[in-house]
>>> print(open('target-v6.csv').read())   # CSV, C-alpha atoms
chain,number,residue,atom,x,y,z
K,1,MET,CA,-2.5,7.0,1.4
K,2,THR,CA,-0.8,6.1,-1.8
K,3,ASP,CA,-0.7,2.7,-3.4
K,4,ASP,CA,3.0,2.5,-2.8
K,5,ASP,CA,2.8,3.3,0.9
K,6,PRO,CA,3.6,0.1,2.7
K,7,LEU,CA,2.2,1.1,6.1
K,8,PRO,CA,-1.5,0.6,5.4
K,9,HIS,CA,-0.8,-2.8,3.9
K,10,PHE,CA,1.3,-3.8,6.9
K,11,GLY,CA,-1.4,-2.6,9.3
K,12,ALA,CA,-4.0,-4.5,7.5
K,13,ASN,CA,-1.8,-7.7,7.5
K,14,LEU,CA,-1.2,-7.3,11.2
K,15,ARG,CA,-4.9,-6.8,12.0
K,16,ALA,CA,-5.9,-9.7,9.9
K,17,ALA,CA,-3.4,-12.0,11.5
K,18,ARG,CA,-4.3,-10.8,15.0
K,19,GLU,CA,-8.0,-11.4,14.4
K,20,LYS,CA,-7.3,-14.8,12.8
K,21,ASN,CA,-5.6,-15.7,16.1
K,22,GLY,CA,-8.7,-14.6,18.0
K,23,LEU,CA,-6.8,-11.9,19.9
K,24,SER,CA,-8.0,-8.5,20.9
K,25,GLN,CA,-5.5,-5.6,20.6
K,26,GLU,CA,-5.1,-5.6,24.4
K,27,ALA,CA,-4.5,-9.4,24.6
K,28,PHE,CA,-2.0,-9.3,21.7
K,29,ALA,CA,-0.2,-6.3,23.2
K,30,GLN,CA,0.2,-8.2,26.4
K,31,ARG,CA,1.5,-11.2,24.6
K,32,VAL,CA,4.2,-9.2,22.8
K,33,GLY,CA,5.0,-6.9,25.7
K,34,MET,CA,3.8,-3.7,24.0
K,35,ASP,CA,1.2,-1.0,24.9
K,36,PRO,CA,-2.2,-1.5,23.3
K,37,ALA,CA,-1.9,2.0,21.9
K,38,GLU,CA,1.1,1.0,19.9
K,39,ILE,CA,-0.8,-1.9,18.4
K,40,ARG,CA,-3.6,0.5,17.4
K,41,ARG,CA,-1.0,2.9,15.8
K,42,LEU,CA,0.6,0.1,13.9
K,43,GLU,CA,-2.7,-1.3,12.6
K,44,SER,CA,-3.9,2.2,11.6
K,45,ALA,CA,-0.6,3.0,9.8
K,46,ARG,CA,0.4,5.8,12.2
K,47,ARG,CA,3.6,4.1,13.2
K,48,ASP,CA,6.4,2.8,11.1
K,49,PRO,CA,7.8,-0.3,12.8
K,50,GLY,CA,11.4,-1.4,12.6
K,51,VAL,CA,12.8,-4.9,12.0
K,52,ARG,CA,12.8,-5.7,15.7
K,53,VAL,CA,9.2,-4.7,16.2
K,54,VAL,CA,8.0,-6.6,13.1
K,55,THR,CA,9.9,-9.7,14.3
K,56,ARG,CA,8.4,-9.4,17.8
K,57,LEU,CA,4.9,-9.0,16.3
K,58,ALA,CA,5.3,-12.0,14.0
K,59,ARG,CA,6.6,-14.3,16.7
K,60,GLY,CA,3.7,-13.3,18.9
K,61,LEU,CA,1.4,-14.5,16.1
K,62,GLY,CA,3.4,-17.7,15.4
K,63,MET,CA,4.4,-16.5,11.9
K,64,SER,CA,7.4,-15.2,10.1
K,65,PRO,CA,8.1,-11.5,9.6
K,66,ALA,CA,7.8,-12.2,5.8
K,67,GLU,CA,4.2,-13.3,6.3
K,68,LEU,CA,3.4,-10.0,7.9
K,69,LEU,CA,5.0,-8.2,5.0
K,70,LYS,CA,3.2,-10.2,2.3
K,71,ASP,CA,1.8,-8.3,-0.7
K,72,ILE,CA,4.0,-5.2,0.1
K,73,LYS,CA,5.9,-4.1,-3.0
>>> encode(input="target-v6.csv", output="structure tokens")
Amino acid sequence: MTDDDPLPHFGANLRAAREKNGLSQEAFAQRVGMDPAEIRRLESARRDPGVRVVTRLARGLGMSPAELLKDIK
């Protein structure tokens, strides 16, 4: 990982928001209509999400996509 790689930062933001909402990866995956394995890949920076996925995740957490992308430069 390099400091300019956005994926680990996105994954950490996603995990923090999910945990703040009291959701397991499985419960969150069900809420957003995704496989729990996809949530794991996103949180561990093994998958690069597109705009539609980021929007779907953010809506499932009751936040804006920009909030999931905070602190990413």
>>> residues_around(input="target-v6.csv", residues="Val54 (chain K)", least_positions_apart="2", cutoff="12 Å", atoms="only C-alpha atoms", output="list in words")
Leu7, Phe10, Gly11, Asn13, Leu14, Val32, Ile39, Leu42, Glu43, Arg47, Asp48, Pro49, Gly50, Val51, Arg52, Arg56, Leu57, Ala58, Arg59, Gly60, Leu61, Met63, Ser64, Pro65, Ala66, Glu67, Leu68 and Leu69 of chain K
>>> closest_residue(input="target-v6.csv", among="K:Ala12, K:Pro36, K:Arg31, K:Arg46", to="Gly62 (chain K)", atoms="only C-alpha atoms")
K:Arg31
>>> closest_residue(input="target-v6.csv", among="K:Ile72, K:Pro8, K:Val53, K:Ala45", to="Ala29 (chain K)", atoms="all atoms listed in the file")
K:Val53
>>> atom_distance(input="target-v6.csv", atom1="CA of Arg15 (chain K)", atom2="CA of Lys73 (chain K)")
18.7 Å
>>> atom_distance(input="target-v6.csv", atom1="CA of Gln30 (chain K)", atom2="CA of Asp5 (chain K)")
28.1 Å
>>> atom_distance(input="target-v6.csv", atom1="CA of Gly33 (chain K)", atom2="CA of Lys20 (chain K)")
19.5 Å
>>> decode(input="target-v6.csv", residues="chain K", atoms="C-alpha atoms", output="PDB file, in the first residue's frame")
ATOM      1  CA  MET K   1       0.000   0.000   0.000  1.00  0.00           C
ATOM      2  CA  THR K   2       1.184   3.458  -0.808  1.00  0.00           C
ATOM      3  CA  ASP K   3      -0.041   6.633   0.852  1.00  0.00           C
ATOM      4  CA  ASP K   4      -1.633   7.765  -2.394  1.00  0.00           C
ATOM      5  CA  ASP K   5      -3.571   4.521  -2.910  1.00  0.00           C
ATOM      6  CA  PRO K   6      -7.219   5.399  -2.196  1.00  0.00           C
ATOM      7  CA  LEU K   7      -8.515   1.840  -1.796  1.00  0.00           C
ATOM      8  CA  PRO K   8      -7.264   1.198   1.744  1.00  0.00           C
ATOM      9  CA  HIS K   9      -8.677   4.550   2.854  1.00  0.00           C
ATOM     10  CA  PHE K  10     -12.029   3.801   1.243  1.00  0.00           C
ATOM     11  CA  GLY K  11     -12.096   0.346   2.826  1.00  0.00           C
ATOM     12  CA  ALA K  12     -11.361   1.787   6.263  1.00  0.00           C
ATOM     13  CA  ASN K  13     -14.079   4.430   5.817  1.00  0.00           C
ATOM     14  CA  LEU K  14     -16.567   1.773   4.738  1.00  0.00           C
ATOM     15  CA  ARG K  15     -15.749  -0.518   7.669  1.00  0.00           C
ATOM     16  CA  ALA K  16     -15.936   2.335  10.186  1.00  0.00           C
ATOM     17  CA  ALA K  17     -19.313   3.487   8.856  1.00  0.00           C
ATOM     18  CA  ARG K  18     -20.693  -0.067   8.816  1.00  0.00           C
ATOM     19  CA  GLU K  19     -19.548  -0.704  12.374  1.00  0.00           C
ATOM     20  CA  LYS K  20     -20.901   2.679  13.520  1.00  0.00           C
ATOM     21  CA  ASN K  21     -24.276   1.537  12.185  1.00  0.00           C
ATOM     22  CA  GLY K  22     -23.954  -1.687  14.199  1.00  0.00           C
ATOM     23  CA  LEU K  23     -24.010  -3.909  11.117  1.00  0.00           C
ATOM     24  CA  SER K  24     -22.121  -7.109  10.469  1.00  0.00           C
ATOM     25  CA  GLN K  25     -20.715  -7.584   6.978  1.00  0.00           C
ATOM     26  CA  GLU K  26     -23.473 -10.127   6.344  1.00  0.00           C
ATOM     27  CA  ALA K  27     -26.296  -7.837   7.510  1.00  0.00           C
ATOM     28  CA  PHE K  28     -24.905  -4.913   5.538  1.00  0.00           C
ATOM     29  CA  ALA K  29     -24.490  -7.035   2.414  1.00  0.00           C
ATOM     30  CA  GLN K  30     -28.108  -8.116   2.674  1.00  0.00           C
ATOM     31  CA  ARG K  31     -29.228  -4.501   3.155  1.00  0.00           C
ATOM     32  CA  VAL K  32     -27.448  -3.333  -0.021  1.00  0.00           C
ATOM     33  CA  GLY K  33     -28.116  -6.451  -2.121  1.00  0.00           C
ATOM     34  CA  MET K  34     -24.520  -7.606  -2.362  1.00  0.00           C
ATOM     35  CA  ASP K  35     -22.643 -10.757  -1.462  1.00  0.00           C
ATOM     36  CA  PRO K  36     -20.841 -10.612   1.916  1.00  0.00           C
ATOM     37  CA  ALA K  37     -17.639 -11.616   0.122  1.00  0.00           C
ATOM     38  CA  GLU K  38     -17.857  -8.392  -1.917  1.00  0.00           C
ATOM     39  CA  ILE K  39     -18.130  -6.348   1.274  1.00  0.00           C
ATOM     40  CA  ARG K  40     -15.035  -8.130   2.631  1.00  0.00           C
ATOM     41  CA  ARG K  41     -13.128  -7.414  -0.594  1.00  0.00           C
ATOM     42  CA  LEU K  42     -14.108  -3.746  -0.508  1.00  0.00           C
ATOM     43  CA  GLU K  43     -13.140  -3.309   3.131  1.00  0.00           C
ATOM     44  CA  SER K  44      -9.801  -5.042   2.604  1.00  0.00           C
ATOM     45  CA  ALA K  45      -8.982  -2.976  -0.516  1.00  0.00           C
ATOM     46  CA  ARG K  46      -9.061  -5.949  -2.868  1.00  0.00           C
ATOM     47  CA  ARG K  47     -11.835  -4.487  -5.019  1.00  0.00           C
ATOM     48  CA  ASP K  48     -12.045  -1.084  -6.665  1.00  0.00           C
ATOM     49  CA  PRO K  49     -15.686   0.051  -6.555  1.00  0.00           C
ATOM     50  CA  GLY K  50     -17.302   2.157  -9.226  1.00  0.00           C
ATOM     51  CA  VAL K  51     -19.600   5.113  -8.700  1.00  0.00           C
ATOM     52  CA  ARG K  52     -22.744   2.984  -8.649  1.00  0.00           C
ATOM     53  CA  VAL K  53     -21.342   0.688  -5.971  1.00  0.00           C
ATOM     54  CA  VAL K  54     -20.100   3.580  -3.823  1.00  0.00           C
ATOM     55  CA  THR K  55     -23.544   5.190  -4.092  1.00  0.00           C
ATOM     56  CA  ARG K  56     -25.328   1.947  -3.201  1.00  0.00           C
ATOM     57  CA  LEU K  57     -23.077   1.436  -0.167  1.00  0.00           C
ATOM     58  CA  ALA K  58     -23.503   5.013   1.018  1.00  0.00           C
ATOM     59  CA  ARG K  59     -27.293   4.865   0.716  1.00  0.00           C
ATOM     60  CA  GLY K  60     -27.295   1.618   2.688  1.00  0.00           C
ATOM     61  CA  LEU K  61     -25.469   3.445   5.462  1.00  0.00           C
ATOM     62  CA  GLY K  62     -27.664   6.559   5.304  1.00  0.00           C
ATOM     63  CA  MET K  63     -24.841   8.803   4.151  1.00  0.00           C
ATOM     64  CA  SER K  64     -23.602  10.512   1.025  1.00  0.00           C
ATOM     65  CA  PRO K  65     -20.996   8.976  -1.267  1.00  0.00           C
ATOM     66  CA  ALA K  66     -18.747  11.932  -0.415  1.00  0.00           C
ATOM     67  CA  GLU K  67     -18.745  10.872   3.226  1.00  0.00           C
ATOM     68  CA  LEU K  68     -17.416   7.441   2.260  1.00  0.00           C
ATOM     69  CA  LEU K  69     -14.673   9.135   0.243  1.00  0.00           C
ATOM     70  CA  LYS K  70     -13.603  11.555   2.983  1.00  0.00           C
ATOM     71  CA  ASP K  71      -9.887  12.046   3.548  1.00  0.00           C
ATOM     72  CA  ILE K  72      -9.043  10.499   0.172  1.00  0.00           C
ATOM     73  CA  LYS K  73      -6.715  12.755  -1.772  1.00  0.00           C
TER      74      LYS K  73
END
